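K.L.:
Provided below: data-v6.pdb, containing PDB, C-alpha atoms.
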```
ATOM      1  CA  GLN Z   1      35.415  -8.436  -1.727  1.00  0.00           C
ATOM      2  CA  VAL Z   2      34.604  -7.343  -5.268  1.00  0.00           C
ATOM      3  CA  GLN Z   3      33.525  -3.856  -6.242  1.00  0.00           C
ATOM      4  CA  LEU Z   4      31.557  -3.273  -9.452  1.00  0.00           C
ATOM      5  CA  VAL Z   5      30.874  -0.056 -11.339  1.00  0.00           C
ATOM      6  CA  GLU Z   6      28.583   0.086 -14.377  1.00  0.00           C
ATOM      7  CA  SER Z   7      28.707   2.638 -17.167  1.00  0.00           C
ATOM      8  CA  GLY Z   8      27.349   3.188 -20.645  1.00  0.00           C
ATOM      9  CA  GLY Z   9      23.650   3.640 -20.074  1.00  0.00           C
ATOM     10  CA  GLY Z  10      21.611   6.311 -21.786  1.00  0.00           C
ATOM     11  CA  LEU Z  11      18.718   7.139 -24.064  1.00  0.00           C
ATOM     12  CA  VAL Z  12      18.386   5.402 -27.417  1.00  0.00           C
ATOM     13  CA  GLN Z  13      15.664   4.979 -30.008  1.00  0.00           C
ATOM     14  CA  ALA Z  14      14.039   1.634 -30.573  1.00  0.00           C
ATOM     15  CA  GLY Z  15      16.124  -0.467 -32.923  1.00  0.00           C
ATOM     16  CA  GLY Z  16      19.317   1.183 -31.753  1.00  0.00           C
ATOM     17  CA  SER Z  17      22.274  -0.146 -29.809  1.00  0.00           C
ATOM     18  CA  LEU Z  18      24.049   0.514 -26.528  1.00  0.00           C
ATOM     19  CA  ARG Z  19      27.078  -1.015 -24.898  1.00  0.00           C
ATOM     20  CA  LEU Z  20      27.209  -1.305 -21.126  1.00  0.00           C
ATOM     21  CA  SER Z  21      30.430  -1.896 -19.268  1.00  0.00           C
ATOM     22  CA  CYS Z  22      31.060  -3.193 -15.768  1.00  0.00           C
ATOM     23  CA  ALA Z  23      34.451  -2.585 -14.165  1.00  0.00           C
ATOM     24  CA  ALA Z  24      35.431  -5.039 -11.440  1.00  0.00           C
ATOM     25  CA  SER Z  25      38.029  -4.358  -8.763  1.00  0.00           C
ATOM     26  CA  GLY Z  26      39.142  -5.910  -5.505  1.00  0.00           C
ATOM     27  CA  ARG Z  27      39.156  -9.698  -5.101  1.00  0.00           C
ATOM     28  CA  THR Z  28      38.461 -10.496  -8.741  1.00  0.00           C
ATOM     29  CA  ASP Z  29      40.283 -13.808  -8.288  1.00  0.00           C
ATOM     30  CA  ASN Z  30      37.210 -14.958  -6.327  1.00  0.00           C
ATOM     31  CA  ILE Z  31      34.764 -14.363  -9.186  1.00  0.00           C
ATOM     32  CA  PHE Z  32      32.970 -17.422 -10.548  1.00  0.00           C
ATOM     33  CA  THR Z  33      30.417 -15.702 -12.780  1.00  0.00           C
ATOM     34  CA  VAL Z  34      29.370 -12.153 -13.592  1.00  0.00           C
ATOM     35  CA  GLY Z  35      25.798 -11.442 -14.522  1.00  0.00           C
ATOM     36  CA  TRP Z  36      23.760  -8.580 -15.858  1.00  0.00           C
ATOM     37  CA  PHE Z  37      20.322  -8.003 -14.391  1.00  0.00           C
ATOM     38  CA  ARG Z  38      17.707  -5.337 -14.983  1.00  0.00           C
ATOM     39  CA  GLN Z  39      14.830  -3.780 -13.127  1.00  0.00           C
ATOM     40  CA  ALA Z  40      12.062  -1.942 -14.921  1.00  0.00           C
ATOM     41  CA  PRO Z  41       9.885   0.587 -13.076  1.00  0.00           C
ATOM     42  CA  GLY Z  42       7.425  -1.176 -10.803  1.00  0.00           C
ATOM     43  CA  LYS Z  43       8.817  -4.613 -11.594  1.00  0.00           C
ATOM     44  CA  GLU Z  44      11.172  -7.057  -9.957  1.00  0.00           C
ATOM     45  CA  ARG Z  45      14.800  -7.352 -10.927  1.00  0.00           C
ATOM     46  CA  THR Z  46      15.302 -10.040 -13.587  1.00  0.00           C
ATOM     47  CA  PHE Z  47      18.219 -11.934 -15.059  1.00  0.00           C
ATOM     48  CA  VAL Z  48      19.576 -10.792 -18.437  1.00  0.00           C
ATOM     49  CA  ALA Z  49      22.834 -12.657 -19.076  1.00  0.00           C
ATOM     50  CA  ARG Z  50      25.827 -14.135 -17.325  1.00  0.00           C
ATOM     51  CA  ILE Z  51      29.338 -15.188 -18.189  1.00  0.00           C
ATOM     52  CA  ALA Z  52      31.680 -17.591 -16.440  1.00  0.00           C
ATOM     53  CA  TRP Z  53      34.808 -15.728 -15.436  1.00  0.00           C
ATOM     54  CA  SER Z  54      37.319 -18.453 -16.279  1.00  0.00           C
ATOM     55  CA  THR Z  55      35.712 -20.314 -19.188  1.00  0.00           C
ATOM     56  CA  GLY Z  56      33.727 -17.526 -20.826  1.00  0.00           C
ATOM     57  CA  SER Z  57      30.637 -19.670 -21.193  1.00  0.00           C
ATOM     58  CA  THR Z  58      27.474 -17.607 -21.462  1.00  0.00           C
ATOM     59  CA  LEU Z  59      23.786 -17.824 -20.693  1.00  0.00           C
ATOM     60  CA  TYR Z  60      21.010 -15.453 -21.780  1.00  0.00           C
ATOM     61  CA  ALA Z  61      17.431 -14.789 -20.879  1.00  0.00           C
ATOM     62  CA  ASN Z  62      15.096 -15.750 -23.707  1.00  0.00           C
ATOM     63  CA  SER Z  63      13.940 -12.160 -24.020  1.00  0.00           C
ATOM     64  CA  VAL Z  64      17.401 -10.946 -25.071  1.00  0.00           C
ATOM     65  CA  LYS Z  65      18.818 -13.999 -26.827  1.00  0.00           C
ATOM     66  CA  GLY Z  66      20.110 -13.079 -30.278  1.00  0.00           C
ATOM     67  CA  ARG Z  67      20.101  -9.354 -29.484  1.00  0.00           C
ATOM     68  CA  PHE Z  68      22.452  -9.003 -26.501  1.00  0.00           C
ATOM     69  CA  THR Z  69      26.001 -10.272 -26.172  1.00  0.00           C
ATOM     70  CA  ILE Z  70      27.941 -10.518 -22.923  1.00  0.00           C
ATOM     71  CA  SER Z  71      31.731 -10.605 -22.945  1.00  0.00           C
ATOM     72  CA  ARG Z  72      34.577 -10.217 -20.499  1.00  0.00           C
ATOM     73  CA  ASP Z  73      38.179  -9.073 -20.526  1.00  0.00           C
ATOM     74  CA  ASN Z  74      40.069 -10.876 -17.790  1.00  0.00           C
ATOM     75  CA  VAL Z  75      43.052  -8.554 -18.125  1.00  0.00           C
ATOM     76  CA  LYS Z  76      41.099  -5.307 -17.828  1.00  0.00           C
ATOM     77  CA  ASN Z  77      38.571  -6.919 -15.444  1.00  0.00           C
ATOM     78  CA  THR Z  78      35.628  -5.600 -17.412  1.00  0.00           C
ATOM     79  CA  ILE Z  79      32.389  -7.244 -18.419  1.00  0.00           C
ATOM     80  CA  ASP Z  80      30.480  -5.716 -21.322  1.00  0.00           C
ATOM     81  CA  LEU Z  81      26.919  -6.115 -22.480  1.00  0.00           C
ATOM     82  CA  GLN Z  82      26.384  -5.233 -26.133  1.00  0.00           C
ATOM     83  CA  MET Z  83      22.703  -4.538 -26.702  1.00  0.00           C
ATOM     84  CA  ASN Z  84      21.368  -4.423 -30.258  1.00  0.00           C
ATOM     85  CA  SER Z  85      17.878  -4.096 -31.717  1.00  0.00           C
ATOM     86  CA  LEU Z  86      16.706  -2.463 -28.533  1.00  0.00           C
ATOM     87  CA  LYS Z  87      13.008  -2.411 -27.728  1.00  0.00           C
ATOM     88  CA  SER Z  88      10.996  -0.182 -25.423  1.00  0.00           C
ATOM     89  CA  GLU Z  89      10.575  -3.128 -23.071  1.00  0.00           C
ATOM     90  CA  ASP Z  90      14.348  -3.155 -22.547  1.00  0.00           C
ATOM     91  CA  THR Z  91      14.003   0.107 -20.623  1.00  0.00           C
ATOM     92  CA  ALA Z  92      15.293  -0.528 -17.109  1.00  0.00           C
ATOM     93  CA  VAL Z  93      18.096   0.059 -14.676  1.00  0.00           C
ATOM     94  CA  TYR Z  94      20.814  -2.437 -15.514  1.00  0.00           C
ATOM     95  CA  TYR Z  95      23.018  -3.926 -12.812  1.00  0.00           C
ATOM     96  CA  CYS Z  96      26.071  -6.118 -12.968  1.00  0.00           C
ATOM     97  CA  ALA Z  97      26.708  -8.602 -10.183  1.00  0.00           C
ATOM     98  CA  ALA Z  98      29.430 -11.061  -9.281  1.00  0.00           C
ATOM     99  CA  ALA Z  99      29.101 -14.520  -7.789  1.00  0.00           C
ATOM    100  CA  LYS Z 100      31.782 -16.529  -6.005  1.00  0.00           C
ATOM    101  CA  THR Z 101      29.627 -19.631  -6.144  1.00  0.00           C
ATOM    102  CA  PRO Z 102      27.058 -20.591  -8.804  1.00  0.00           C
ATOM    103  CA  GLY Z 103      23.918 -18.519  -8.585  1.00  0.00           C
ATOM    104  CA  ARG Z 104      24.852 -16.554  -5.477  1.00  0.00           C
ATOM    105  CA  TYR Z 105      25.335 -12.984  -6.614  1.00  0.00           C
ATOM    106  CA  GLU Z 106      26.690 -11.160  -3.604  1.00  0.00           C
ATOM    107  CA  ALA Z 107      28.428  -8.109  -5.070  1.00  0.00           C
ATOM    108  CA  TRP Z 108      26.350  -5.579  -7.002  1.00  0.00           C
ATOM    109  CA  GLY Z 109      27.034  -2.391  -8.847  1.00  0.00           C
ATOM    110  CA  GLN Z 110      25.012   0.779  -8.434  1.00  0.00           C
ATOM    111  CA  GLY Z 111      23.163   0.370 -11.732  1.00  0.00           C
ATOM    112  CA  THR Z 112      22.956   2.331 -14.966  1.00  0.00           C
ATOM    113  CA  GLN Z 113      19.765   3.560 -16.606  1.00  0.00           C
ATOM    114  CA  VAL Z 114      18.842   2.427 -20.108  1.00  0.00           C
ATOM    115  CA  THR Z 115      15.874   4.128 -21.737  1.00  0.00           C
ATOM    116  CA  VAL Z 116      14.586   3.032 -25.125  1.00  0.00           C
ATOM    117  CA  SER Z 117      12.176   5.415 -26.805  1.00  0.00           C
ATOM    118  CA  SER Z 118       9.629   4.058 -29.237  1.00  0.00           C
TER     119      SER Z 118
END
```
Show how you would write the structure in this file as structure tokens.
P.N.:
Amino acid sequence: QVQLVESGGGLVQAGGSLRLSCAASGRTDNIFTVGWFRQAPGKERTFVARIAWSTGSTLYANSVKGRFTISRDNVKNTIDLQMNSLKSEDTAVYYCAAAKTPGRYEAWGQGTQVTVSS
């Protein structure tokens, strides 16, 4: 079983940057992909980005493409999300999640709040 803990959220002005980090522990050898998701108030949780644990290949939601960058450190077992040019619509609770098989995210962190003021 994998445990995930997010950090790095906070309050930032529009146009600013934040870097989120997700620390993975436990059975990290079972990880296939790690994804970042977000949930805005009153809305469903949506996909933001994901990275393949072994190859490092990435995928982004159209809404963040060109502004966010996901990366991982297989030695430290951390997955970062660098967020630039933040917009008010990026305000949400951000979660990292791990999948052992493609698309099946079974381990989730507790979330970290990102608030972008306009």
K.L.:
Go through the shown structure with the PyMOL selection byres ((chain Z and resi 35) around 9) and write out the matching residues as a ChimeraX atom specification.
P.N.:
/Z:33-34,36-37,47-52,70,79,95-99,105
K.L.:
Closest to Met83 in chain Z among Z:Ser25, Z:Thr69, Z:Thr115, Z:Gln1, using all atoms listed in the file?
P.N.:
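Once distances to Met83 in chain Z are computed over all atoms listed in the file, the minimum belongs to Z:Thr69.
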K.L.:
For Arg67 in chain Z, please output as a PyMOL selection string all residues within 8 Å (counting only C-alpha atoms; exclusion window: fewer than 4 positions along the same chain).
P.N.:
chain Z and resi 83-86
K.L.:
Applying 6 Å and all atoms listed in the file, which residues near Lys100 in chain Z remain after dropping the ones on its own chain fewer than 5 positions away? List them as a PyMOL selection string.
P.N.:
chain Z and resi 30-32
K.L.:
Which residues come within 8 Å of Gln13 in chain Z, counting all atoms listed in the file, excluding same-chain residues fewer than 4 positions away, as a ChimeraX atom specification?
P.N.:
/Z:86,116-118
K.L.:
Could you state the separation of CA of Thr46 in chain Z and CA of Tyr94 in chain Z in Å, given to one decimal place?
P.N.:
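So the two atoms, CA of Thr46 in chain Z and CA of Tyr94 in chain Z, lie 9.6 Å apart.
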K.L.:
Have a look at Z:Ser54, Z:Gln39, Z:Gln110, Z:Ser21 and name the one nearest to Asn74 in chain Z; count all atoms listed in the file.
P.N.:
Z:Ser54
K.L.:
Of the candidates Z:Asp73, Z:Glu6, Z:Arg38, Z:Thr91, which shows the shortest atom-to-atom distance to Leu20 in chain Z, using only C-alpha atoms?
P.N.:
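Looking only at the distances to Leu20 in chain Z, the closest residue turns out to be Z:Glu6.
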K.L.:
If we count only C-alpha atoms, what is near Thr78 in chain Z at a cut-off of 8 Å, once residues fewer than 6 positions away on the same chain are taken out, given as an MDAnalysis selection string?
P.N.:
chainID Z and resid 21:24 72
K.L.:
I would like the residues chosen by the PyMOL selection byres ((chain Z and resi 11) around 12) on the shown file; could you give them as a PyMOL selection string?
P.N.:
chain Z and resi 8-10+12-19+86-88+90-93+112-118
K.L.:
Rounded to one decimal, what separation in Å do you get between CA of Gly26 in chain Z and CA of Leu81 in chain Z?
P.N.:
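Between CA of Gly26 in chain Z and CA of Leu81 in chain Z the gap works out to 20.9 Å.
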K.L.:
Just give me the gap between CA of Leu59 in chain Z and CA of Gln82 in chain Z in Å, one decimal is fine.
P.N.:
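According to the coordinates, CA of Leu59 in chain Z and CA of Gln82 in chain Z are separated by 14.0 Å.
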K.L.:
Choose the residue, out of Z:Ser71, Z:Ser7, Z:Thr101, Z:Asn77, that has the smallest atom-to-atom separation from Thr58 in chain Z; count all atoms listed in the file.
P.N.:
Z:Ser71
